[in-house]
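This is work.cif (mmCIF, C-alpha atoms).
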data_my_file
loop_
_atom_site.label_atom_id
_atom_site.label_comp_id
_atom_site.auth_asym_id
_atom_site.auth_seq_id
_atom_site.Cartn_x
_atom_site.Cartn_y
_atom_site.Cartn_z
CA MET A 1 -24.35 -65.67 -9.09
CA SER A 2 -28.08 -65.08 -9.41
CA ASP A 3 -29.17 -62.34 -11.79
CA TYR A 4 -31.86 -59.83 -10.88
CA VAL A 5 -35.38 -61.21 -10.53
CA ASP A 6 -37.70 -60.62 -13.47
CA SER A 7 -39.21 -57.30 -12.38
CA TYR A 8 -40.21 -53.92 -13.72
CA TYR A 9 -37.22 -52.50 -11.87
CA ARG A 10 -34.79 -54.79 -13.66
CA ASP A 11 -36.17 -53.88 -17.05
CA SER A 12 -36.11 -50.14 -16.34
CA ARG A 13 -32.56 -49.89 -15.01
CA ARG A 14 -30.80 -46.74 -16.14
CA ILE A 15 -27.53 -46.91 -14.18
CA GLU A 16 -24.49 -48.99 -15.04
CA LEU A 17 -21.59 -49.69 -12.70
CA ALA A 18 -17.94 -49.85 -13.57
CA PRO A 19 -17.09 -53.53 -14.19
CA THR A 20 -16.79 -55.68 -11.06
CA THR A 21 -15.04 -59.00 -10.51
CA PRO A 22 -15.51 -61.74 -7.90
CA LEU A 23 -13.11 -61.57 -4.97
CA THR A 24 -10.15 -63.88 -5.44
CA GLY A 25 -7.03 -64.25 -3.35
CA ALA A 26 -6.27 -62.26 -0.22
CA ARG A 27 -6.65 -58.51 0.28
CA ARG A 28 -6.04 -56.15 3.19
CA VAL A 29 -8.36 -53.15 3.63
CA ASP A 30 -9.44 -50.86 6.41
CA VAL A 31 -13.10 -51.92 6.19
CA ALA A 32 -14.80 -54.96 4.64
CA VAL A 33 -18.49 -54.53 3.84
CA VAL A 34 -20.77 -57.54 3.41
CA GLY A 35 -23.89 -56.95 1.34
CA GLY A 36 -24.58 -54.80 -1.72
CA GLY A 37 -27.89 -53.22 -0.71
CA VAL A 38 -28.58 -49.75 0.66
CA THR A 39 -26.95 -50.50 4.04
CA GLY A 40 -23.72 -51.79 2.54
CA CYS A 41 -23.44 -49.25 -0.28
CA SER A 42 -24.23 -46.36 2.06
CA ALA A 43 -21.64 -47.51 4.60
CA ALA A 44 -19.04 -48.07 1.88
CA LEU A 45 -19.64 -44.63 0.35
CA ASN A 46 -19.44 -42.84 3.70
CA LEU A 47 -16.32 -44.69 4.76
CA ALA A 48 -14.53 -44.06 1.47
CA GLU A 49 -15.41 -40.37 1.68
CA ARG A 50 -13.73 -40.37 5.10
CA GLY A 51 -10.56 -41.74 3.55
CA TYR A 52 -10.79 -45.44 4.51
CA SER A 53 -9.87 -48.18 2.07
CA VAL A 54 -13.06 -50.20 1.54
CA ALA A 55 -13.99 -53.40 -0.28
CA LEU A 56 -17.59 -54.59 -0.57
CA VAL A 57 -18.57 -58.20 -1.27
CA GLU A 58 -22.01 -59.20 -2.55
CA ALA A 59 -23.14 -62.79 -3.08
CA ASN A 60 -25.14 -61.92 -6.19
CA ARG A 61 -25.43 -58.49 -7.82
CA ILE A 62 -25.58 -55.02 -6.33
CA GLY A 63 -29.19 -54.34 -5.33
CA TRP A 64 -30.19 -57.99 -5.83
CA GLY A 65 -32.03 -58.28 -2.49
CA ALA A 66 -34.76 -56.20 -0.85
CA SER A 67 -33.05 -52.90 -1.70
CA GLY A 68 -33.65 -53.44 -5.41
CA ARG A 69 -37.10 -55.06 -5.17
CA SER A 70 -39.03 -52.96 -2.65
CA GLY A 71 -41.95 -50.56 -2.92
CA GLY A 72 -39.44 -47.71 -3.05
CA GLN A 73 -41.01 -45.64 -0.27
CA ILE A 74 -38.72 -43.20 1.59
CA LEU A 75 -40.63 -42.58 4.81
CA THR A 76 -40.18 -40.73 8.07
CA GLY A 77 -40.54 -42.83 11.19
CA PHE A 78 -40.18 -46.56 11.68
CA GLY A 79 -41.97 -49.86 11.26
CA THR A 80 -43.16 -49.46 14.86
CA GLY A 81 -44.69 -46.56 16.76
CA MET A 82 -42.56 -44.09 18.67
CA SER A 83 -43.79 -45.57 21.97
CA THR A 84 -41.38 -48.48 21.38
CA PHE A 85 -38.48 -46.02 21.53
CA ALA A 86 -39.90 -43.84 24.30
CA ASP A 87 -40.48 -46.87 26.55
CA ALA A 88 -36.95 -48.16 25.97
CA LEU A 89 -34.96 -44.91 25.78
CA GLY A 90 -37.03 -42.20 27.43
CA THR A 91 -38.76 -39.28 25.75
CA GLU A 92 -35.70 -37.13 25.05
CA ASP A 93 -33.74 -39.90 23.34
CA ALA A 94 -36.88 -41.00 21.48
CA ARG A 95 -37.03 -37.46 20.09
CA ARG A 96 -33.44 -37.80 18.94
CA VAL A 97 -34.28 -41.10 17.24
CA PHE A 98 -37.25 -39.58 15.43
CA GLU A 99 -35.16 -36.65 14.24
CA MET A 100 -32.70 -39.19 12.85
CA SER A 101 -35.54 -40.78 10.87
CA ARG A 102 -36.17 -37.36 9.29
CA GLU A 103 -32.45 -37.09 8.69
CA ALA A 104 -32.56 -40.48 6.95
CA VAL A 105 -35.08 -39.13 4.46
CA ASN A 106 -33.12 -35.92 3.88
CA LEU A 107 -29.89 -37.88 3.52
CA THR A 108 -31.48 -39.99 0.78
CA VAL A 109 -32.70 -36.95 -1.13
CA ASP A 110 -29.37 -35.14 -0.73
CA ARG A 111 -27.41 -38.13 -2.02
CA ILE A 112 -29.66 -38.48 -5.04
CA ARG A 113 -29.16 -34.84 -5.93
CA ARG A 114 -25.45 -34.70 -5.12
CA HIS A 115 -24.62 -37.82 -7.11
CA ASP A 116 -27.16 -37.17 -9.89
CA ILE A 117 -28.93 -40.52 -9.41
CA ASP A 118 -31.68 -40.97 -12.00
CA CYS A 119 -34.27 -42.82 -9.88
CA ASN A 120 -37.65 -41.07 -10.40
CA LEU A 121 -37.57 -39.31 -7.03
CA ARG A 122 -40.97 -37.76 -6.18
CA GLY A 123 -42.44 -36.39 -2.97
CA GLY A 124 -45.44 -37.19 -0.80
CA ALA A 125 -46.85 -40.17 1.10
CA VAL A 126 -50.39 -40.99 2.22
CA TYR A 127 -51.52 -43.42 4.91
CA ALA A 128 -55.10 -44.44 4.11
CA ALA A 129 -57.88 -45.33 6.56
CA LEU A 130 -60.37 -48.11 5.91
CA LYS A 131 -62.29 -47.84 9.18
CA PRO A 132 -63.29 -45.17 11.72
CA ARG A 133 -60.80 -46.59 14.22
CA HIS A 134 -58.04 -45.93 11.69
CA MET A 135 -59.09 -42.28 11.41
CA LYS A 136 -59.18 -42.00 15.20
CA GLY A 137 -55.67 -43.43 15.33
CA PHE A 138 -54.46 -41.01 12.64
CA ALA A 139 -55.87 -38.01 14.51
CA GLU A 140 -54.18 -39.14 17.71
CA GLU A 141 -50.91 -39.77 15.85
CA GLN A 142 -50.92 -36.32 14.27
CA GLU A 143 -51.57 -34.62 17.60
CA HIS A 144 -48.99 -36.74 19.45
CA MET A 145 -46.25 -36.23 16.86
CA GLN A 146 -46.79 -32.48 16.85
CA ARG A 147 -47.00 -32.12 20.63
CA VAL A 148 -44.27 -34.53 21.74
CA TYR A 149 -41.93 -34.59 18.76
CA GLY A 150 -42.55 -31.18 17.25
CA TYR A 151 -43.35 -32.71 13.88
CA ASP A 152 -45.64 -30.60 11.70
CA GLY A 153 -45.34 -32.67 8.52
CA LEU A 154 -48.60 -34.62 9.02
CA THR A 155 -51.96 -33.42 7.68
CA LEU A 156 -55.22 -35.21 8.47
CA LEU A 157 -57.37 -35.76 5.37
CA ASP A 158 -61.12 -36.34 5.37
CA ARG A 159 -62.74 -38.38 2.61
CA ASP A 160 -62.87 -35.41 0.22
CA GLY A 161 -59.33 -34.34 1.01
CA LEU A 162 -58.03 -37.85 0.41
CA ALA A 163 -59.91 -38.09 -2.90
CA GLU A 164 -57.80 -35.23 -4.25
CA ARG A 165 -54.78 -37.50 -3.91
CA VAL A 166 -56.10 -41.09 -3.85
CA ARG A 167 -59.31 -42.18 -5.64
CA CYS A 168 -60.21 -45.34 -3.77
CA PRO A 169 -63.84 -45.67 -2.59
CA ALA A 170 -62.80 -48.08 0.17
CA TYR A 171 -60.82 -45.37 1.98
CA ILE A 172 -62.62 -42.94 4.30
CA GLY A 173 -59.73 -40.56 4.92
CA GLY A 174 -56.03 -40.52 5.58
CA LEU A 175 -52.87 -38.93 6.87
CA TYR A 176 -50.54 -37.07 4.50
CA ASP A 177 -46.81 -36.89 5.25
CA ALA A 178 -45.21 -33.99 3.40
CA GLU A 179 -41.63 -35.04 4.24
CA SER A 180 -41.77 -38.54 2.71
CA TRP A 181 -40.82 -39.52 -0.84
CA HIS A 182 -40.77 -42.44 -3.27
CA LEU A 183 -38.43 -43.62 -6.00
CA HIS A 184 -37.16 -46.44 -8.24
CA PRO A 185 -35.26 -48.54 -5.66
CA LEU A 186 -32.93 -50.47 -7.95
CA ASN A 187 -31.74 -47.36 -9.76
CA TYR A 188 -31.22 -45.70 -6.38
CA VAL A 189 -29.03 -48.45 -4.93
CA LEU A 190 -27.09 -48.73 -8.21
CA GLY A 191 -26.54 -44.98 -8.03
CA LEU A 192 -25.20 -45.32 -4.49
CA ALA A 193 -22.87 -48.10 -5.62
CA ARG A 194 -21.66 -46.04 -8.56
CA ALA A 195 -20.92 -43.14 -6.21
CA ALA A 196 -19.05 -45.54 -3.91
CA GLN A 197 -16.94 -46.76 -6.83
CA ALA A 198 -16.13 -43.15 -7.73
CA ALA A 199 -15.04 -42.59 -4.12
CA GLY A 200 -12.60 -45.53 -4.33
CA VAL A 201 -14.62 -48.52 -3.09
CA THR A 202 -13.90 -51.86 -4.76
CA LEU A 203 -17.08 -53.83 -5.42
CA HIS A 204 -16.97 -57.62 -5.71
CA GLU A 205 -20.19 -59.19 -7.00
CA ASP A 206 -20.59 -62.98 -7.15
CA SER A 207 -18.64 -63.27 -3.88
CA PRO A 208 -20.73 -65.07 -1.24
CA VAL A 209 -19.35 -64.91 2.29
CA GLU A 210 -18.85 -68.30 3.94
CA ARG A 211 -17.54 -67.32 7.36
CA ILE A 212 -15.95 -64.56 9.40
CA GLU A 213 -12.79 -65.15 11.39
CA HIS A 214 -13.15 -62.77 14.31
CA GLY A 215 -10.25 -60.86 15.76
CA GLU A 216 -8.52 -57.53 15.42
CA PRO A 217 -8.17 -57.49 12.46
CA ALA A 218 -11.00 -59.76 11.32
CA THR A 219 -11.01 -61.84 8.14
CA VAL A 220 -14.01 -62.29 5.85
CA HIS A 221 -13.78 -65.54 3.89
CA THR A 222 -15.65 -65.76 0.59
CA ARG A 223 -15.92 -68.68 -1.79
CA ASP A 224 -12.71 -67.77 -3.62
CA GLY A 225 -10.94 -65.17 -1.51
CA GLN A 226 -10.59 -63.34 1.75
CA LEU A 227 -10.59 -59.79 3.07
CA THR A 228 -8.63 -58.92 6.20
CA ALA A 229 -9.88 -55.69 7.74
CA ASP A 230 -9.77 -53.62 10.90
CA HIS A 231 -13.58 -53.33 10.76
CA VAL A 232 -16.38 -55.36 9.17
CA VAL A 233 -19.88 -54.15 8.27
CA LEU A 234 -22.69 -56.70 7.94
CA GLY A 235 -25.44 -55.38 5.67
CA GLY A 236 -27.02 -58.60 4.42
CA ASN A 237 -30.23 -58.24 6.47
CA ALA A 238 -32.73 -61.01 5.54
CA TYR A 239 -30.20 -62.56 3.13
CA LEU A 240 -27.31 -62.82 5.61
CA ALA A 241 -26.48 -66.51 5.96
CA ALA A 242 -27.06 -67.77 9.51
CA ASP A 243 -23.66 -69.42 9.76
CA VAL A 244 -21.92 -66.13 8.87
CA ALA A 245 -23.26 -64.45 12.01
CA PRO A 246 -24.81 -67.09 14.32
CA GLU A 247 -24.93 -64.47 17.08
CA LEU A 248 -27.85 -62.85 15.23
CA ALA A 249 -29.87 -66.04 14.78
CA GLY A 250 -33.52 -65.71 15.74
CA HIS A 251 -33.55 -61.92 15.97
CA LEU A 252 -34.80 -61.53 12.41
CA MET A 253 -37.72 -63.10 10.57
CA PRO A 254 -37.31 -63.16 6.77
CA VAL A 255 -40.74 -62.42 5.29
CA GLY A 256 -41.64 -62.81 1.63
CA ASN A 257 -43.19 -59.68 0.11
CA TYR A 258 -44.63 -59.37 -3.40
CA ILE A 259 -45.32 -56.62 -5.92
CA ILE A 260 -47.08 -56.46 -9.29
CA ALA A 261 -46.67 -53.88 -12.04
CA THR A 262 -49.61 -53.27 -14.32
CA GLU A 263 -49.56 -52.42 -17.98
CA PRO A 264 -49.06 -48.67 -18.58
CA LEU A 265 -51.97 -46.52 -17.42
CA SER A 266 -53.89 -44.03 -19.52
CA PRO A 267 -54.13 -40.43 -18.30
CA GLN A 268 -57.74 -41.14 -17.32
CA GLN A 269 -56.70 -44.17 -15.24
CA VAL A 270 -54.08 -42.08 -13.45
CA ALA A 271 -56.68 -39.41 -12.70
CA GLU A 272 -59.01 -42.06 -11.27
CA THR A 273 -56.39 -43.78 -9.06
CA LEU A 274 -53.41 -41.74 -7.78
CA PRO A 275 -53.84 -38.18 -9.10
CA GLY A 276 -51.59 -36.87 -6.31
CA ASP A 277 -48.69 -39.11 -7.42
CA ASP A 278 -48.04 -40.11 -3.81
CA ALA A 279 -46.71 -43.24 -2.21
CA VAL A 280 -49.72 -44.86 -0.52
CA SER A 281 -50.15 -47.51 2.16
CA ASP A 282 -53.18 -48.45 4.21
CA ALA A 283 -53.55 -48.75 7.98
CA ASN A 284 -53.98 -52.53 8.20
CA PHE A 285 -51.41 -54.68 10.00
CA VAL A 286 -50.98 -56.72 6.80
CA LEU A 287 -51.03 -53.66 4.60
CA ASP A 288 -51.35 -52.80 0.91
CA TYR A 289 -49.08 -50.21 -0.67
CA TYR A 290 -48.88 -48.48 -4.04
CA GLN A 291 -47.08 -45.96 -6.14
CA LEU A 292 -46.89 -44.97 -9.79
CA SER A 293 -43.76 -46.14 -11.56
CA ALA A 294 -43.08 -42.70 -13.06
CA ALA A 295 -44.56 -39.22 -13.20
CA PRO A 296 -48.20 -39.16 -14.39
CA ALA A 297 -47.27 -37.58 -17.73
CA ASP A 298 -45.03 -40.54 -18.63
CA ARG A 299 -47.62 -43.34 -18.96
CA PRO A 300 -46.74 -44.87 -15.58
CA ARG A 301 -47.63 -48.31 -14.34
CA MET A 302 -49.31 -48.98 -11.03
CA LEU A 303 -46.93 -50.75 -8.66
CA TYR A 304 -48.92 -52.61 -6.02
CA GLY A 305 -47.63 -54.64 -3.10
CA GLY A 306 -49.94 -56.38 -0.71
CA GLN A 307 -49.17 -60.05 -0.11
CA VAL A 308 -46.76 -61.75 2.29
CA SER A 309 -45.56 -65.29 2.85
CA TYR A 310 -43.52 -66.97 5.56
CA GLY A 311 -42.30 -69.95 3.57
CA LYS A 312 -40.03 -70.28 0.57
CA ARG A 313 -42.86 -70.24 -1.95
CA PRO A 314 -45.07 -67.32 -2.99
CA PRO A 315 -48.79 -67.49 -2.18
CA LYS A 316 -50.93 -69.53 -4.57
CA ARG A 317 -52.62 -67.68 -7.44
CA LEU A 318 -50.62 -64.58 -6.49
CA ASN A 319 -51.19 -62.58 -9.68
CA GLU A 320 -54.88 -63.42 -9.85
CA ARG A 321 -55.46 -62.46 -6.22
CA MET A 322 -53.55 -59.19 -6.48
CA GLN A 323 -55.22 -58.26 -9.77
CA THR A 324 -58.66 -58.89 -8.27
CA LYS A 325 -57.91 -56.88 -5.14
CA LEU A 326 -56.45 -54.01 -7.15
CA GLY A 327 -59.64 -53.86 -9.22
CA ARG A 328 -61.80 -53.80 -6.08
CA LEU A 329 -59.80 -50.95 -4.60
CA PHE A 330 -59.54 -48.95 -7.82
CA PRO A 331 -62.52 -49.65 -10.11
CA ALA A 332 -60.75 -47.90 -13.00
CA LEU A 333 -58.19 -50.72 -12.96
CA GLU A 334 -60.60 -53.66 -12.93
CA GLY A 335 -59.24 -56.37 -15.24
CA ILE A 336 -56.08 -54.42 -16.08
CA GLY A 337 -53.17 -56.44 -17.45
CA ILE A 338 -50.30 -57.43 -15.16
CA ASP A 339 -46.94 -57.20 -16.92
CA TYR A 340 -44.66 -58.04 -13.98
CA SER A 341 -44.85 -59.90 -10.69
CA TRP A 342 -41.93 -60.40 -8.32
CA GLY A 343 -41.03 -60.84 -4.69
CA GLY A 344 -38.23 -61.18 -2.18
CA LEU A 345 -37.39 -61.24 1.50
CA VAL A 346 -37.56 -58.36 3.95
CA GLY A 347 -36.16 -58.52 7.46
CA VAL A 348 -38.64 -58.02 10.32
CA THR A 349 -37.76 -57.82 14.01
CA ARG A 350 -40.06 -58.89 16.81
CA ASN A 351 -40.72 -55.29 17.96
CA ARG A 352 -40.55 -53.87 14.38
CA ALA A 353 -37.70 -51.53 15.38
CA PRO A 354 -34.35 -51.65 13.53
CA HIS A 355 -31.69 -53.89 15.04
CA PHE A 356 -28.20 -52.30 15.21
CA GLY A 357 -25.21 -53.57 17.13
CA ARG A 358 -21.72 -55.03 17.25
CA ILE A 359 -20.27 -58.51 17.37
CA GLY A 360 -17.11 -58.09 19.35
CA ASN A 361 -15.48 -54.69 19.03
CA ASN A 362 -15.15 -54.35 15.28
CA VAL A 363 -18.00 -56.11 13.47
CA PHE A 364 -20.98 -53.80 13.01
CA TYR A 365 -24.43 -54.85 11.80
CA ALA A 366 -27.71 -53.13 10.90
CA GLN A 367 -30.81 -55.09 9.98
CA GLY A 368 -34.53 -55.59 10.61
CA TYR A 369 -35.88 -52.35 9.18
CA SER A 370 -39.35 -53.93 9.08
CA GLY A 371 -40.58 -52.20 5.95
CA HIS A 372 -38.81 -48.84 6.43
CA GLY A 373 -35.41 -49.81 5.09
CA MET A 374 -35.09 -47.62 2.01
CA ALA A 375 -34.44 -44.53 4.15
CA LEU A 376 -33.21 -46.08 7.41
CA ALA A 377 -30.63 -48.32 5.74
CA GLY A 378 -28.97 -45.24 4.28
CA LEU A 379 -28.83 -43.68 7.73
CA ALA A 380 -27.47 -46.94 9.17
CA GLY A 381 -24.56 -46.79 6.75
CA GLN A 382 -23.74 -43.27 7.87
CA LEU A 383 -24.02 -44.11 11.59
CA ILE A 384 -21.75 -47.14 11.15
CA SER A 385 -19.23 -44.97 9.32
CA ASP A 386 -19.31 -42.50 12.21
CA ALA A 387 -18.82 -45.34 14.71
CA VAL A 388 -15.84 -46.72 12.81
CA ALA A 389 -14.35 -43.23 12.94
CA GLY A 390 -14.81 -43.13 16.72
CA GLN A 391 -18.07 -41.16 16.90
CA ALA A 392 -20.42 -43.91 18.04
CA GLU A 393 -22.91 -42.01 20.22
CA ARG A 394 -25.73 -41.96 17.68
CA PHE A 395 -25.20 -45.56 16.57
CA ASP A 396 -25.12 -46.67 20.21
CA LEU A 397 -28.48 -45.02 20.84
CA TYR A 398 -30.06 -47.75 18.69
CA THR A 399 -28.05 -50.50 20.37
CA ARG A 400 -29.79 -49.69 23.66
CA LEU A 401 -33.04 -51.15 22.28
CA THR A 402 -33.69 -54.65 23.57
CA HIS A 403 -34.33 -57.12 20.74
CA ARG A 404 -35.78 -60.44 21.74
CA ARG A 405 -35.54 -63.51 19.55
CA PHE A 406 -38.65 -64.84 17.86
CA PRO A 407 -40.01 -67.70 19.97
CA GLY A 408 -40.13 -71.31 18.82
CA GLY A 409 -36.60 -71.97 17.68
CA GLU A 410 -35.71 -72.89 14.11
CA ARG A 411 -38.63 -75.31 13.63
CA LEU A 412 -41.52 -73.46 15.29
CA ARG A 413 -40.56 -69.83 14.70
CA THR A 414 -42.30 -69.49 11.35
CA PRO A 415 -45.52 -71.39 12.27
CA LEU A 416 -45.91 -69.24 15.38
CA LEU A 417 -45.47 -66.06 13.36
CA VAL A 418 -48.06 -67.28 10.84
CA LEU A 419 -50.54 -67.83 13.70
CA ALA A 420 -49.89 -64.35 15.05
CA THR A 421 -50.23 -62.78 11.60
CA ASN A 422 -53.50 -64.61 10.97
CA PHE A 423 -54.82 -63.11 14.20
CA TYR A 424 -53.99 -59.62 12.94
CA ARG A 425 -55.49 -60.42 9.52
CA MET A 426 -58.74 -61.23 11.28
CA ARG A 427 -58.49 -58.01 13.28
CA ASP A 428 -58.00 -56.07 10.03
CA LEU A 429 -61.40 -57.35 8.89
CA LEU A 430 -63.22 -56.09 11.99
#
Would you mind giving the structure from this file in structure tokens?
Amino acid sequence: MSDYVDSYYRDSRRIELAPTTPLTGARRVDVAVVGGGVTGCSAALNLAERGYSVALVEANRIGWGASGRSGGQILTGFGTGMSTFADALGTEDARRVFEMSREAVNLTVDRIRRHDIDCNLRGGAVYAALKPRHMKGFAEEQEHMQRVYGYDGLTLLDRDGLAERVRCPAYIGGLYDAESWHLHPLNYVLGLARAAQAAGVTLHEDSPVERIEHGEPATVHTRDGQLTADHVVLGGNAYLAADVAPELAGHLMPVGNYIIATEPLSPQQVAETLPGDDAVSDANFVLDYYQLSAAPADRPRMLYGGQVSYGKRPPKRLNERMQTKLGRLFPALEGIGIDYSWGGLVGVTRNRAPHFGRIGNNVFYAQGYSGHGMALAGLAGQLISDAVAGQAERFDLYTRLTHRRFPGGERLRTPLLVLATNFYRMRDLL
């Protein structure tokens, strides 16, 4: 079993689970859940609250993957524009999908409050513009979302309005989303898992899944045991082994994403960087994103993510490059010390829309949140729980989206994606 990566999140954990043990021997449950991130823990909690017997198996530790390493942004919407849904589903069903994205945010906040999860929950998100075409796009987005989707949560910010929230001379304006939030992701997923345990879910860490024997019931085989269940939930996302669910091969691209945490900021540095205490991301295709690690009064660190990789190794001189870029964006942080640097895989689909579906009749999966997983994965767990209980209409709305495999097969898939990303990097510079 791999322990948590060396990160600020690991060293600021506040939530402890009841002791877990690896799965050994054979067990029979109503539902077997694979993966201990937000998707799996949310599904397990919802199912247990409905009265199902549930066991969850995780190859490493709860929150070990993207759920416990991310930028911690709880955002409305998706990793793609609403036109992706409108083109595939029609306007009315696209409206339903968008309302579910708002529900995903509210569900997250409600769970945190109901289960008293200590995860530094704070409100507000800003999308920052670097170029006039970004501002034009923001204005069009605000108007479109209000007119077509009835969403009034977006406020267009000019340079002065943005400076009240984000002090970055490179940004010329932005779009503020009043319904979005940000938090400490590892404490959040551990809080979900603790709530699931309290509801009766058995958690098995250090229990990697080797194969699934399909049927009704199905059997999940781990290294040292097996779970036989009427239903199976696959929540491994970018870390789900290809031979566990070969039917999903090629639909997901695991992308390395990296974050640094600075040394604690002074009150003056906070005032000269993120005085609004918002989650921030820019409008580039290969984007930068930030948040403070805690409320401004608590000597927070700056958490900055802004590099990706498509291989198994992080980019060269990662810390140096991120430190330099952070200083360019926020002059008050030039030369600031970097106390932590970490990374992990996120799951990206070809159209950047989440990929939900079934394998057979009783194996459900949700993956490919494409950067919006902290909120959407929680919703996915609820929708899967509803589907298991026979109320599948909302889950099936997402299954109507067509998800094409990444081209190139196993050997060429990554090089082709790198070429495409480099094209968009160049476009970001124009």
Practice task
Name the residues that the PyMOL selection byres ((chain A and resi 65) around 8) picks from the file above, as a list in words, using the file's chain letters and numbers.
Solution key: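 For this structure, the PyMOL selection byres ((chain A and resi 65) around 8) resolves to Gly37, Gly63, Trp64, Ala66, Ser67, Gly68, Arg69, Tyr239, Gly344 and Leu345 of chain A.
For the choices A:Met100, A:Ala218, A:Val233, A:Ala389, the atom-to-atom distance to Leu75 of chain A is smallest for A:Met100 when using all atoms listed in the file.
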Per-residue nearest contacts of segment 35-96 of chain A to segment 101-115 of chain A (7 Å; all atoms listed in the file) as CSV:
residue,atom,partner,partner_atom,distance
A:Ile74,CA,A:Val105,CA,6.2
A:Leu75,CA,A:Val105,CA,6.5
A:Thr76,CA,A:Arg102,CA,5.4
A:Gly77,CA,A:Ser101,CA,5.4
Only C-alpha atoms, please: the residues just picked out, written as a tab-separated table (two decimals), in the frame of the given file.
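And here's part04.tsv as it stands now:
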chain	number	residue	atom	x	y	z
A	74	ILE	CA	-38.72	-43.20	1.59
A	75	LEU	CA	-40.63	-42.58	4.81
A	76	THR	CA	-40.18	-40.73	8.07
A	77	GLY	CA	-40.54	-42.83	11.19
Problem - Residues matched by the PyMOL selection byres ((chain A and resi 204) around 7) as a list in words - result: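 What the PyMOL selection byres ((chain A and resi 204) around 7) grabs from the file is Thr20, Thr21, Pro22, Leu23, Leu56, Val57, Glu58, Thr202, Leu203, Glu205, Asp206 and Ser207 of chain A.
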Practice task
Could you please determine the separation between atom CA of Arg147 of chain A and atom CA of Val166 of chain A in Å, to one decimal place?
Solution key: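 Taking atom CA of Arg147 of chain A as the start and atom CA of Val166 of chain A as the end point, the length is 27.6 Å.
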Problem - Contacts of Trp342 of chain A within 8 Å, all atoms listed in the file, excl. fewer than 3 positions in-chain, as a PyMOL selection string - result: chain A and resi 5-7+69+258-260
Please save C-alpha atoms of the selected residues as a PDB file, keeping the file's coordinate frame.
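Wrote out.pdb, looks like this:
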ATOM      1  CA  VAL A   5     -35.380 -61.210 -10.530  1.00  0.00           C
ATOM      2  CA  ASP A   6     -37.700 -60.620 -13.470  1.00  0.00           C
ATOM      3  CA  SER A   7     -39.210 -57.300 -12.380  1.00  0.00           C
ATOM      4  CA  ARG A  69     -37.100 -55.060  -5.170  1.00  0.00           C
ATOM      5  CA  TYR A 258     -44.630 -59.370  -3.400  1.00  0.00           C
ATOM      6  CA  ILE A 259     -45.320 -56.620  -5.920  1.00  0.00           C
ATOM      7  CA  ILE A 260     -47.080 -56.460  -9.290  1.00  0.00           C
TER       8      ILE A 260
END
Need the axis-aligned box for segment 64-75 of chain A with 5 Å each side, so what are the centre and edges in Å to one decimal, as JSON?
{"center_x": -36.1, "center_y": -50.4, "center_z": -0.5, "size_x": 21.8, "size_y": 25.7, "size_z": 20.6}
Handout entry: Expansion of the PyMOL selection byres ((chain A and resi 332) around 10) into residues, as a list in words
Key = Arg167, Cys168, Leu265, Gln268, Gln269, Val270, Ala271, Glu272, Thr273, Leu326, Gly327, Arg328, Leu329, Phe330, Pro331, Leu333, Glu334, Gly335 and Ile336 of chain A
Exercise for the section: Record the distance separating atom CA of Thr24 of chain A and atom CA of Thr219 of chain A, expressed in Å with one decimal. Expected result: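 Rounded to one decimal, the two atoms are 13.8 Å apart.
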Exercise for the section: Name the residues in contact with Asp152 of chain A at a cut-off of 12 Å, using only C-alpha atoms, excluding same-chain residues fewer than 6 positions from it; report them as a PyMOL selection string. Expected result: chain A and resi 102+141-146+176-179
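For the choices A:Ala377, A:Ile212, A:Ile117, A:Ala86, the atom-to-atom distance to Gly36 of chain A is smallest for A:Ala377 when using all atoms listed in the file.
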Completion exercise
Taken to one decimal, the atom CA of Gly305 of chain A-atom CA of Leu121 of chain A distance is 18.8 Å
Problem - Nearest-residue call for Leu190 of chain A, choices A:Cys119, A:Met322, A:Ile384, A:Val54, using only C-alpha atoms - result: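 The answer is A:Cys119, which sits nearest to Leu190 of chain A.
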Just the residues within 8 Å of Ser385 of chain A, please, counting all atoms listed in the file, with nothing from its chain fewer than 5 positions along; format it as an mmCIF file with C-alpha atoms, in the frame of the given file.
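Written file, selection-v2.cif:
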data_model
loop_
_atom_site.group_PDB
_atom_site.id
_atom_site.type_symbol
_atom_site.label_atom_id
_atom_site.label_comp_id
_atom_site.auth_asym_id
_atom_site.auth_seq_id
_atom_site.Cartn_x
_atom_site.Cartn_y
_atom_site.Cartn_z
ATOM 1 C CA ALA A 43 -21.640 -47.510 4.600
ATOM 2 C CA ASN A 46 -19.440 -42.840 3.700
ATOM 3 C CA LEU A 47 -16.320 -44.690 4.760
#
Exercise for the section: Go through A:Ala387, A:Ser42, A:Arg352, A:Arg122 one by one, measure the shortest atom-to-atom distance of each to His372 of chain A using only C-alpha atoms, and give the residue with the smallest value. Expected result: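 When distances to His372 of chain A are compared using only C-alpha atoms, the smallest one comes from A:Arg352.
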